[in-house]
Amino acid sequence: MKNEFSLAFNEVLEEKQLPKEVILGALESAMVSAYRRAVNASSAQHVEAKVDPDTGKVTIYAEKEVVESVLDERTEVRLEEARKVNPLCQLGDMVIVETTPRDFGRVAAQTARQVIQQRIREAERGAQMQYFERQLGEIVSGVVQATNPQSTTIGLDMKAEGVMPANQKIPGERFRVHDRVRSIIMEIKDGSRGPQIILSRAHRNFLRRLLENEVPEIYHGIVEIRAIAREPGQRAKVAVSATQAGVDPVGACVGVKGVRIQAIVKELHDEKIDIIEWNPDPVVYISKAISPARVSGVYLAEGEKTATVVVMEDQLSLAIGRDGQNARLAAKLTGWRIDIKSVSEAAADALSRLQSEPSMQMMAEAEKDNLPFITEILAKKAEGRPLTPEEYQGLAQFVDRVERRAIERQRAVEQESAEKLAEARAGIPEVAFEQPLDVLGLPEHVYNILTEADYRTAGDLLLAMKLSPDRVLGLPGIGPKAMQAIHTAVAETTFVEKPVSAEAVAEVVGESPAPVEEAPVVVEAVAEVVVDAEVPAPVVAAEDESEPEATFEELFKLRPESFTPAVDDEAEKKDKKGKKGKKAVEYEFDEERGEVVGRKKHKRGDDVFEDW
C-alpha cells in the first residue's frame with residue numbers, strides 16, 4: 001500500500017502534467033535551499049539532496065574538509081568518518097558526506113514550500129513554452145474565457161492562455177464565454193508569467209491550414225497551394241496546382257457538390273473563397289485570377305511588372321469588384337500590378353498612342369485603313385448609343401494588335417539595351433568588377449560622391465562612363481575638375497588579371513602556342529573610354545617550335561619587353577601646368593613568388609619611394 005508521500009507525489013504529477021524528473025528536481029532543489037537556511041550554510045559550499053519518491057525520505061549530502069578535530073560541523077568532518085565514505089582520503093581533502101539534520105523533514109516542509117511552488121511554476125512555464133513553440137503556425141482549439149472589444153482570452157492545452165487581438169478576428173465575429181474557437185498560433189513571446197501566445201483567425205495561413213485539414217490531397221502533397229490572398233470575412237483567392245498528372249486541383253479543393261469548401265466557408269464566417277488553378281504563364285494566371293470576370297486580353301510590361309487587363313463593358317464592374325476588391329486580391333495573388341480597362345477605354349488609349357507617339361508611327365501606317373472605323377465606333381460610344389457585338393469585337397482586335405506591337409517594340413528595345421551593355425562590358429577587364437573603387441586612387445570627395453551613387457567597384461564606374469559619360473557628370477558635386485580627376489585616375493590604373501605561372505609560359509612557348517588572349521599578363525584599364533591611351537604591348541609567342549622550353553625566369557630575362565606595357569615617355573613627364581602623367585612602372589621576376597611583379601615609383605616632395 002502506498003504511503004501518503006507517494007500518493008501526494010502522483011497527484012502533483014497528474015495535476016501539473018510534468019515529467020517525474022522535473023518534480024523530483026524541484027523537490028531536491030527546495031531541500032537544498034531549506035538546508036542552507038536551517039544551518040546557515042554558505043552558498044559556496046556544494047550541497048546535494050536526494051528524495052526517495054516511494055518513501056519521501058530526504059537525505060542531504062554536503063562537501064566538507066577532512067580534519068583531525070572538528071571546529072565547524074557545517075564545513076568539516078573527522079578523518080575516521082570521512083574514510084567511511086572514501087577510504088583513500090587524507091587530511092585536507094574535500095569529501096561529500098551525509099549531513100542530514102535531525103527532524104529535517106518537518107523543518108523542510110515548513111521552509112521549502114514556497115521554493116517548491118516556484119520551481120514547479122518555472123518548470124510548468126518551460127514545458128508550456130516548448131509545447132507551443134512546436135505548435136507555431138498550426139491550428140489549435142480552445143475555449144473562450146473572457147472577451148472584450150480589445151481582445152479575447154482563450155484557454156488552451158496545458159492550462160495555457162492565448163490572446164486574440166481584435167484585428168486578428170474575422171470582422172463580424174462575436175464570441176461568448178465557453179464558446180469553442182479554432183485559430184492558429186501566430187506568435188509566441190516568453191513572459192514573466194508564462195508564454196504569451198498570440199492567436200489569429202484573420203491570417204492567410206489559417207485558411208491554408210483549414211484547406212490542409214479538409215483536403216487530403218493537399219495534406220499528402222498531391223495538390224500544392226501556390227498563393228493565398230485574403231481579406232478576412234469578405235473574400236479570398238487561392239491558387240493551387242497538381243503535382244501529379246491527371247489530378248484536378250480545383251475539383252479536389254471544392255469536393256463533391258462543394259462539401260469540402262463549404263465546411264471552410266462556414267468556419268470563416270461565410271467568407272467567399274475563389275479556387276483557381278495556378279499556371280506558369282503569367283497571362284493565363286492573371287486571366288484566371290480576375291475570375292469570375294471573363295477577360296478579353298492580358299498584356300504584360302515585364303520591366304515594370306505591370307499587366308493591363310482588357311475586359312468587355314459588361315464585365316468591367318465584375319472584374320474590379322466591390323471597392324476594387326477583386327482586382328486588389330488578384331494583384332496580391334499574382335504579384336503583378338494589374339490595370340483593368342474596358343475594351344472601349346483601351347481602344348481610345350491605343351488610338352491616342354498611335355497618333356501621338358513617334359515610335360508607333362509604323363503601326364499607325366499599318367492601321368491607317370482601320371483608324372476611321374475605330375474613331376467612328378468610339379464616337380458612337382461617347383454619344384451613349386449602343387454598340388453591336390461586331391463593333392465590340394473590332395475594338396478588341398484593334399487593341400490586341402496595338403498592344404502586341406507595343407510589347408514587341410519594348411522587347412526589342414530591352415534586347416538592344418542588353419546587347420549594348422554586354423558589348424560595353426566586354427571591353428572592360430573582368431577583374432575591374434572585383435576591385436573596389438578606391439583602387440583608382442580618386443580624391444576623397446570624388447570617391448565619397450561615387451560611393452553614395454552606388455558605384456562600388458572600378459568596373460561599375462568604367463561601365464557607366466563607357467555607356468554614358470554624362471551620367472557620371474550629372475551626379476551632384478561632380479564637375480569638370482572632378483571628371484578630369486576621374487579620367488586621369490582611370491588612365492593611370494592597370495588591372496592585373498592573373499599572375500603568370502610557369503605552366504602558362506610553357507604553354508606560350510611550347511609546341512602548341514596558345515592565343516595571346518589566353519595568357520594575359522597585364523590588362524590596361526579602359527582608358528580609351530575617356531582619354532587616349534596606348535594599348536599595352538602583347539606577349540609575343542615563340543615562333544620557333546624547335547626551341548626548347550624556357551623557364552619563366554629565363555624567358556623574362558631574355559625578353560622583358562614582352563611583359564612590360566609600352567609607356568609614353570612624354571606622358572611620364574609633368575606638363576607645364578604641373579599635372580602628373582602616368583606612373584612609372586618597372587617589372588622584374590620575383591624568384592620567391594615565382595611570378596612577375598611590378599614596381600611603381602612615387603614622388604612626394606623631395607622623397608622618392610617604390611611601391612610593389
# chains A, B, ... in the order shown; residues from 1 in each chain; ligands from 1
call {"tool": "residues_around", "arguments": {"residues": "segment 465-476 of chain A", "least_positions_apart": "5", "cutoff": "12 Å", "atoms": "only C-alpha atoms", "output": "compact mmCIF listing (two decimals) with C-alpha atoms, in the first residue's frame"}}
result
# COMPACT_ATOMS: atom_id res chain seq x y z
CA SER A 417 19.95 47.67 -74.42
CA ALA A 418 21.15 44.29 -73.14
CA GLU A 419 23.37 43.82 -76.20
CA LYS A 420 24.80 47.31 -75.79
CA LEU A 421 25.52 46.61 -72.14
CA ALA A 422 27.19 43.28 -72.96
CA GLU A 423 29.29 44.94 -75.66
CA ALA A 424 30.40 47.69 -73.31
CA ARG A 425 31.20 45.21 -70.56
CA ALA A 426 33.23 43.05 -72.95
CA GLY A 427 35.73 45.87 -73.34
CA ILE A 428 36.36 46.09 -69.59
CA HIS A 445 35.41 63.89 -52.06
CA VAL A 446 35.03 62.32 -55.53
CA ASN A 448 32.54 59.68 -51.46
CA ILE A 449 30.21 61.05 -54.16
CA LEU A 450 30.63 57.96 -56.34
CA THR A 451 30.13 55.62 -53.40
CA GLU A 452 26.89 57.35 -52.43
CA ALA A 453 25.77 56.94 -56.06
CA ASP A 454 26.19 53.14 -55.61
CA TYR A 455 29.40 52.76 -57.63
CA ALA A 458 36.09 50.19 -60.52
CA GLY A 459 34.29 48.17 -63.19
CA ASP A 460 30.97 49.81 -62.30
CA LYS A 481 37.61 69.19 -62.46
CA ALA A 482 36.24 66.07 -60.80
CA MET A 483 35.72 64.43 -64.19
CA GLN A 484 39.31 65.29 -65.15
CA ALA A 485 40.50 63.65 -61.93
CA ILE A 486 38.46 60.54 -62.78
CA HIS A 487 39.89 60.45 -66.32
CA VAL A 490 41.47 55.67 -64.95
CA ALA A 525 42.13 49.91 -67.75
CA VAL A 526 39.71 51.06 -70.38
CA ALA A 527 41.27 54.49 -70.55
CA GLU A 528 40.22 54.95 -74.15
CA VAL A 529 36.67 55.45 -72.87
CA VAL A 530 37.60 58.87 -71.56
CA VAL A 531 41.16 59.67 -72.72
call {"tool": "residues_around", "arguments": {"residues": "segment 303-313 of chain A", "least_positions_apart": "3", "cutoff": "7 Å", "atoms": "only C-alpha atoms", "output": "VMD selection string"}}
result
chain A and resid 294 to 300 316 336 to 343 346
call {"tool": "closest_residue", "arguments": {"among": "A:Asp72, A:Glu302, A:Glu345, A:Glu138", "to": "Asn213 of chain A", "atoms": "only C-alpha atoms"}}
result
A:Glu138
call {"tool": "atom_distance", "arguments": {"atom1": "atom CA of Glu81 of chain A", "atom2": "atom CA of Lys50 of chain A"}}
result
20.2 Å
call {"tool": "atom_distance", "arguments": {"atom1": "atom CA of Ile218 of chain A", "atom2": "atom CA of Asp157 of chain A"}}
result
26.8 Å
call {"tool": "select_by_dssp", "arguments": {"residues": "segment 194-402 of chain A", "states": "alpha helix (DSSP H)", "output": "count of residues only"}}
result
99
call {"tool": "atom_distance", "arguments": {"atom1": "atom CA of Ile139 of chain A", "atom2": "atom CA of Val250 of chain A"}}
result
23.3 Å
call {"tool": "residues_around", "arguments": {"residues": "Arg401 of chain A", "least_positions_apart": "2", "cutoff": "12 Å", "atoms": "only C-alpha atoms", "output": "ChimeraX atom specification"}}
result
/A:297,299,346-347,350-351,354,360,363-364,366-367,370,394-399,403-408
call {"tool": "residues_around", "arguments": {"residues": "segment 321-327 of chain A", "least_positions_apart": "6", "cutoff": "12 Å", "atoms": "only C-alpha atoms", "output": "compact mmCIF listing (two decimals) with all heavy atoms, in the first residue's frame"}}
result
# COMPACT_ATOMS: atom_id res chain seq x y z
N ALA A 229 -4.42 34.99 -51.25
CA ALA A 229 -4.71 36.40 -51.00
C ALA A 229 -6.06 36.45 -50.29
O ALA A 229 -7.03 35.83 -50.75
CB ALA A 229 -4.74 37.19 -52.30
N ARG A 230 -6.10 37.20 -49.19
CA ARG A 230 -7.31 37.13 -48.36
C ARG A 230 -7.62 38.48 -47.74
O ARG A 230 -6.72 39.18 -47.29
CB ARG A 230 -7.09 36.08 -47.27
CG ARG A 230 -8.29 35.85 -46.37
CD ARG A 230 -7.97 34.92 -45.25
NE ARG A 230 -9.12 34.73 -44.36
CZ ARG A 230 -9.05 34.35 -43.10
NH1 ARG A 230 -7.87 34.08 -42.56
NH2 ARG A 230 -10.13 34.23 -42.37
N GLU A 231 -8.90 38.80 -47.72
CA GLU A 231 -9.44 39.89 -46.93
C GLU A 231 -10.45 39.26 -45.99
O GLU A 231 -11.54 38.87 -46.40
CB GLU A 231 -10.07 40.97 -47.81
CG GLU A 231 -9.04 41.72 -48.64
CD GLU A 231 -9.63 42.92 -49.36
OE1 GLU A 231 -10.85 43.17 -49.21
OE2 GLU A 231 -8.88 43.60 -50.07
N PRO A 232 -10.09 39.10 -44.70
CA PRO A 232 -10.88 38.27 -43.78
C PRO A 232 -12.35 38.69 -43.73
O PRO A 232 -12.69 39.86 -43.68
CB PRO A 232 -10.19 38.52 -42.43
CG PRO A 232 -8.82 38.98 -42.77
CD PRO A 232 -8.94 39.72 -44.05
N GLN A 234 -14.56 38.60 -45.97
CA GLN A 234 -15.18 39.07 -47.21
C GLN A 234 -14.88 38.14 -48.37
O GLN A 234 -15.78 37.52 -48.92
CB GLN A 234 -14.70 40.49 -47.53
CG GLN A 234 -15.06 41.50 -46.45
CD GLN A 234 -14.59 42.89 -46.78
OE1 GLN A 234 -14.44 43.26 -47.94
NE2 GLN A 234 -14.34 43.69 -45.75
N ARG A 235 -13.59 38.05 -48.77
CA ARG A 235 -13.27 37.26 -49.95
C ARG A 235 -11.83 36.77 -49.86
O ARG A 235 -10.98 37.44 -49.25
CB ARG A 235 -13.48 38.07 -51.23
CG ARG A 235 -13.55 37.22 -52.50
CD ARG A 235 -13.80 38.09 -53.72
NE ARG A 235 -14.27 37.29 -54.85
CZ ARG A 235 -15.53 37.05 -55.11
NH1 ARG A 235 -16.48 37.55 -54.33
NH2 ARG A 235 -15.89 36.30 -56.15
N ALA A 236 -11.57 35.64 -50.48
CA ALA A 236 -10.22 35.09 -50.53
C ALA A 236 -10.03 34.41 -51.87
O ALA A 236 -10.99 33.87 -52.47
CB ALA A 236 -9.98 34.09 -49.39
N LYS A 237 -8.80 34.44 -52.36
CA LYS A 237 -8.43 33.75 -53.60
C LYS A 237 -7.27 32.82 -53.29
O LYS A 237 -6.30 33.24 -52.64
CB LYS A 237 -8.04 34.75 -54.69
CG LYS A 237 -9.21 35.54 -55.27
CD LYS A 237 -8.74 36.48 -56.35
CE LYS A 237 -9.91 37.26 -56.95
NZ LYS A 237 -10.79 36.42 -57.78
N LYS A 272 -16.28 34.34 -48.80
CA LYS A 272 -16.28 33.78 -50.15
C LYS A 272 -14.86 33.39 -50.55
O LYS A 272 -13.92 34.16 -50.34
CB LYS A 272 -16.86 34.78 -51.15
CG LYS A 272 -18.32 35.12 -50.92
CD LYS A 272 -18.81 36.12 -51.94
CE LYS A 272 -20.30 36.41 -51.74
NZ LYS A 272 -20.58 37.01 -50.41
N ILE A 273 -14.71 32.20 -51.13
CA ILE A 273 -13.39 31.68 -51.49
C ILE A 273 -13.39 31.30 -52.96
O ILE A 273 -14.23 30.51 -53.41
CB ILE A 273 -13.01 30.46 -50.62
CG1 ILE A 273 -13.03 30.82 -49.14
CG2 ILE A 273 -11.62 29.94 -51.00
CD1 ILE A 273 -12.79 29.66 -48.20
N ASP A 274 -12.46 31.87 -53.71
CA ASP A 274 -12.28 31.54 -55.13
C ASP A 274 -11.06 30.62 -55.25
O ASP A 274 -9.95 31.01 -54.87
CB ASP A 274 -12.07 32.79 -55.98
CG ASP A 274 -13.28 33.70 -55.98
OD1 ASP A 274 -14.39 33.18 -55.72
OD2 ASP A 274 -13.13 34.91 -56.21
N ILE A 286 -3.00 35.39 -64.69
CA ILE A 286 -3.71 36.63 -64.37
C ILE A 286 -5.14 36.57 -64.88
O ILE A 286 -6.07 37.06 -64.21
CB ILE A 286 -2.95 37.83 -64.96
CG1 ILE A 286 -1.59 38.00 -64.26
CG2 ILE A 286 -3.76 39.12 -64.84
CD1 ILE A 286 -0.69 39.04 -64.87
N SER A 287 -5.35 35.96 -66.03
CA SER A 287 -6.72 35.82 -66.55
C SER A 287 -7.60 35.03 -65.59
O SER A 287 -8.77 35.38 -65.36
CB SER A 287 -6.68 35.12 -67.92
OG SER A 287 -5.93 35.87 -68.85
N LYS A 288 -7.04 33.97 -65.01
CA LYS A 288 -7.82 33.18 -64.06
C LYS A 288 -7.98 33.89 -62.72
O LYS A 288 -8.99 33.72 -62.04
CB LYS A 288 -7.16 31.82 -63.85
CG LYS A 288 -7.20 30.93 -65.09
CD LYS A 288 -6.57 29.57 -64.82
CE LYS A 288 -6.67 28.67 -66.05
NZ LYS A 288 -6.09 27.33 -65.80
N ALA A 289 -6.98 34.70 -62.36
CA ALA A 289 -7.06 35.40 -61.08
C ALA A 289 -8.15 36.46 -61.07
O ALA A 289 -8.68 36.80 -60.02
CB ALA A 289 -5.71 36.04 -60.75
N ILE A 290 -8.50 37.00 -62.26
CA ILE A 290 -9.56 38.01 -62.35
C ILE A 290 -10.94 37.39 -62.24
O ILE A 290 -11.94 38.10 -62.12
CB ILE A 290 -9.40 38.80 -63.67
CG1 ILE A 290 -8.06 39.54 -63.69
CG2 ILE A 290 -10.50 39.82 -63.86
CD1 ILE A 290 -7.94 40.61 -62.64
N SER A 291 -11.04 36.07 -62.30
CA SER A 291 -12.34 35.41 -62.24
C SER A 291 -13.10 35.90 -61.00
O SER A 291 -12.49 36.27 -60.00
CB SER A 291 -12.16 33.89 -62.18
OG SER A 291 -11.49 33.53 -60.99
N PRO A 292 -14.42 35.96 -61.08
CA PRO A 292 -15.31 35.34 -62.08
C PRO A 292 -15.51 36.16 -63.36
O PRO A 292 -16.35 35.79 -64.18
CB PRO A 292 -16.63 35.22 -61.31
CG PRO A 292 -16.59 36.35 -60.34
CD PRO A 292 -15.16 36.51 -59.95
N ALA A 293 -14.80 37.28 -63.55
CA ALA A 293 -14.95 38.06 -64.77
C ALA A 293 -14.24 37.38 -65.93
O ALA A 293 -13.21 36.73 -65.74
CB ALA A 293 -14.39 39.46 -64.56
N ALA A 307 0.55 44.55 -65.56
CA ALA A 307 -0.30 43.83 -66.50
C ALA A 307 -1.53 44.68 -66.79
O ALA A 307 -2.20 45.16 -65.86
CB ALA A 307 -0.72 42.48 -65.94
N THR A 308 -1.81 44.88 -68.07
CA THR A 308 -3.02 45.57 -68.49
C THR A 308 -4.05 44.53 -68.89
O THR A 308 -3.81 43.72 -69.79
CB THR A 308 -2.73 46.50 -69.68
OG1 THR A 308 -1.73 47.45 -69.30
CG2 THR A 308 -3.98 47.23 -70.11
N VAL A 309 -5.18 44.53 -68.19
CA VAL A 309 -6.24 43.54 -68.42
C VAL A 309 -7.40 44.26 -69.10
O VAL A 309 -7.91 45.26 -68.59
CB VAL A 309 -6.70 42.90 -67.10
CG1 VAL A 309 -7.83 41.91 -67.35
CG2 VAL A 309 -5.53 42.20 -66.41
N GLN A 315 -18.35 43.22 -68.20
CA GLN A 315 -17.52 42.50 -67.25
C GLN A 315 -16.64 43.45 -66.41
O GLN A 315 -15.92 42.98 -65.54
CB GLN A 315 -16.60 41.52 -67.99
CG GLN A 315 -17.33 40.44 -68.76
CD GLN A 315 -18.02 39.45 -67.83
OE1 GLN A 315 -17.43 38.94 -66.88
NE2 GLN A 315 -19.30 39.19 -68.09
N LEU A 333 -2.44 38.08 -55.30
CA LEU A 333 -2.26 36.66 -55.60
C LEU A 333 -1.17 36.44 -56.63
O LEU A 333 -0.35 35.52 -56.51
CB LEU A 333 -3.59 36.07 -56.09
CG LEU A 333 -3.64 34.56 -56.27
CD1 LEU A 333 -3.67 33.87 -54.91
CD2 LEU A 333 -4.87 34.17 -57.08
N THR A 334 -1.14 37.26 -57.67
CA THR A 334 -0.19 37.06 -58.77
C THR A 334 1.13 37.77 -58.57
O THR A 334 2.13 37.40 -59.18
CB THR A 334 -0.82 37.54 -60.08
OG1 THR A 334 -1.15 38.94 -59.97
CG2 THR A 334 -2.09 36.76 -60.39
N GLY A 335 1.14 38.83 -57.76
CA GLY A 335 2.37 39.60 -57.61
C GLY A 335 2.59 40.62 -58.71
O GLY A 335 3.67 41.21 -58.80
N TRP A 336 1.59 40.84 -59.56
CA TRP A 336 1.66 41.82 -60.64
C TRP A 336 0.76 43.00 -60.31
O TRP A 336 -0.29 42.86 -59.69
CB TRP A 336 1.21 41.20 -61.97
CG TRP A 336 2.20 40.27 -62.58
CD1 TRP A 336 2.48 39.00 -62.17
CD2 TRP A 336 3.04 40.52 -63.71
NE1 TRP A 336 3.45 38.43 -62.96
CE2 TRP A 336 3.81 39.35 -63.93
CE3 TRP A 336 3.22 41.59 -64.56
CZ2 TRP A 336 4.74 39.24 -64.93
CZ3 TRP A 336 4.16 41.50 -65.59
CH2 TRP A 336 4.90 40.33 -65.77
N ARG A 337 1.20 44.17 -60.78
CA ARG A 337 0.34 45.35 -60.69
C ARG A 337 -0.64 45.29 -61.85
O ARG A 337 -0.25 45.27 -63.01
CB ARG A 337 1.17 46.63 -60.77
CG ARG A 337 0.36 47.91 -60.64
CD ARG A 337 1.26 49.13 -60.73
NE ARG A 337 0.48 50.35 -60.68
CZ ARG A 337 -0.06 50.95 -61.73
NH1 ARG A 337 0.12 50.42 -62.94
NH2 ARG A 337 -0.75 52.05 -61.60
N ILE A 338 -1.93 45.25 -61.54
CA ILE A 338 -2.96 44.99 -62.55
C ILE A 338 -3.75 46.27 -62.82
O ILE A 338 -4.26 46.91 -61.89
CB ILE A 338 -3.90 43.86 -62.10
CG1 ILE A 338 -3.10 42.54 -61.97
CG2 ILE A 338 -5.04 43.67 -63.08
CD1 ILE A 338 -3.93 41.37 -61.47
N ASP A 339 -3.82 46.63 -64.09
CA ASP A 339 -4.61 47.79 -64.54
C ASP A 339 -5.74 47.26 -65.42
O ASP A 339 -5.50 46.73 -66.51
CB ASP A 339 -3.71 48.75 -65.33
CG ASP A 339 -4.44 50.03 -65.72
OD1 ASP A 339 -5.54 50.25 -65.19
OD2 ASP A 339 -3.91 50.78 -66.56
N ILE A 340 -6.98 47.40 -64.94
CA ILE A 340 -8.14 46.86 -65.64
C ILE A 340 -8.79 47.97 -66.44
O ILE A 340 -9.08 49.05 -65.91
CB ILE A 340 -9.14 46.24 -64.64
CG1 ILE A 340 -8.46 45.10 -63.86
CG2 ILE A 340 -10.37 45.72 -65.35
CD1 ILE A 340 -9.35 44.47 -62.82
N LYS A 341 -9.04 47.69 -67.72
CA LYS A 341 -9.67 48.66 -68.62
C LYS A 341 -10.80 47.97 -69.39
O LYS A 341 -10.71 46.78 -69.70
CB LYS A 341 -8.66 49.22 -69.62
CG LYS A 341 -7.53 50.03 -69.00
CD LYS A 341 -6.60 50.55 -70.08
CE LYS A 341 -5.45 51.36 -69.49
NZ LYS A 341 -4.54 51.87 -70.55
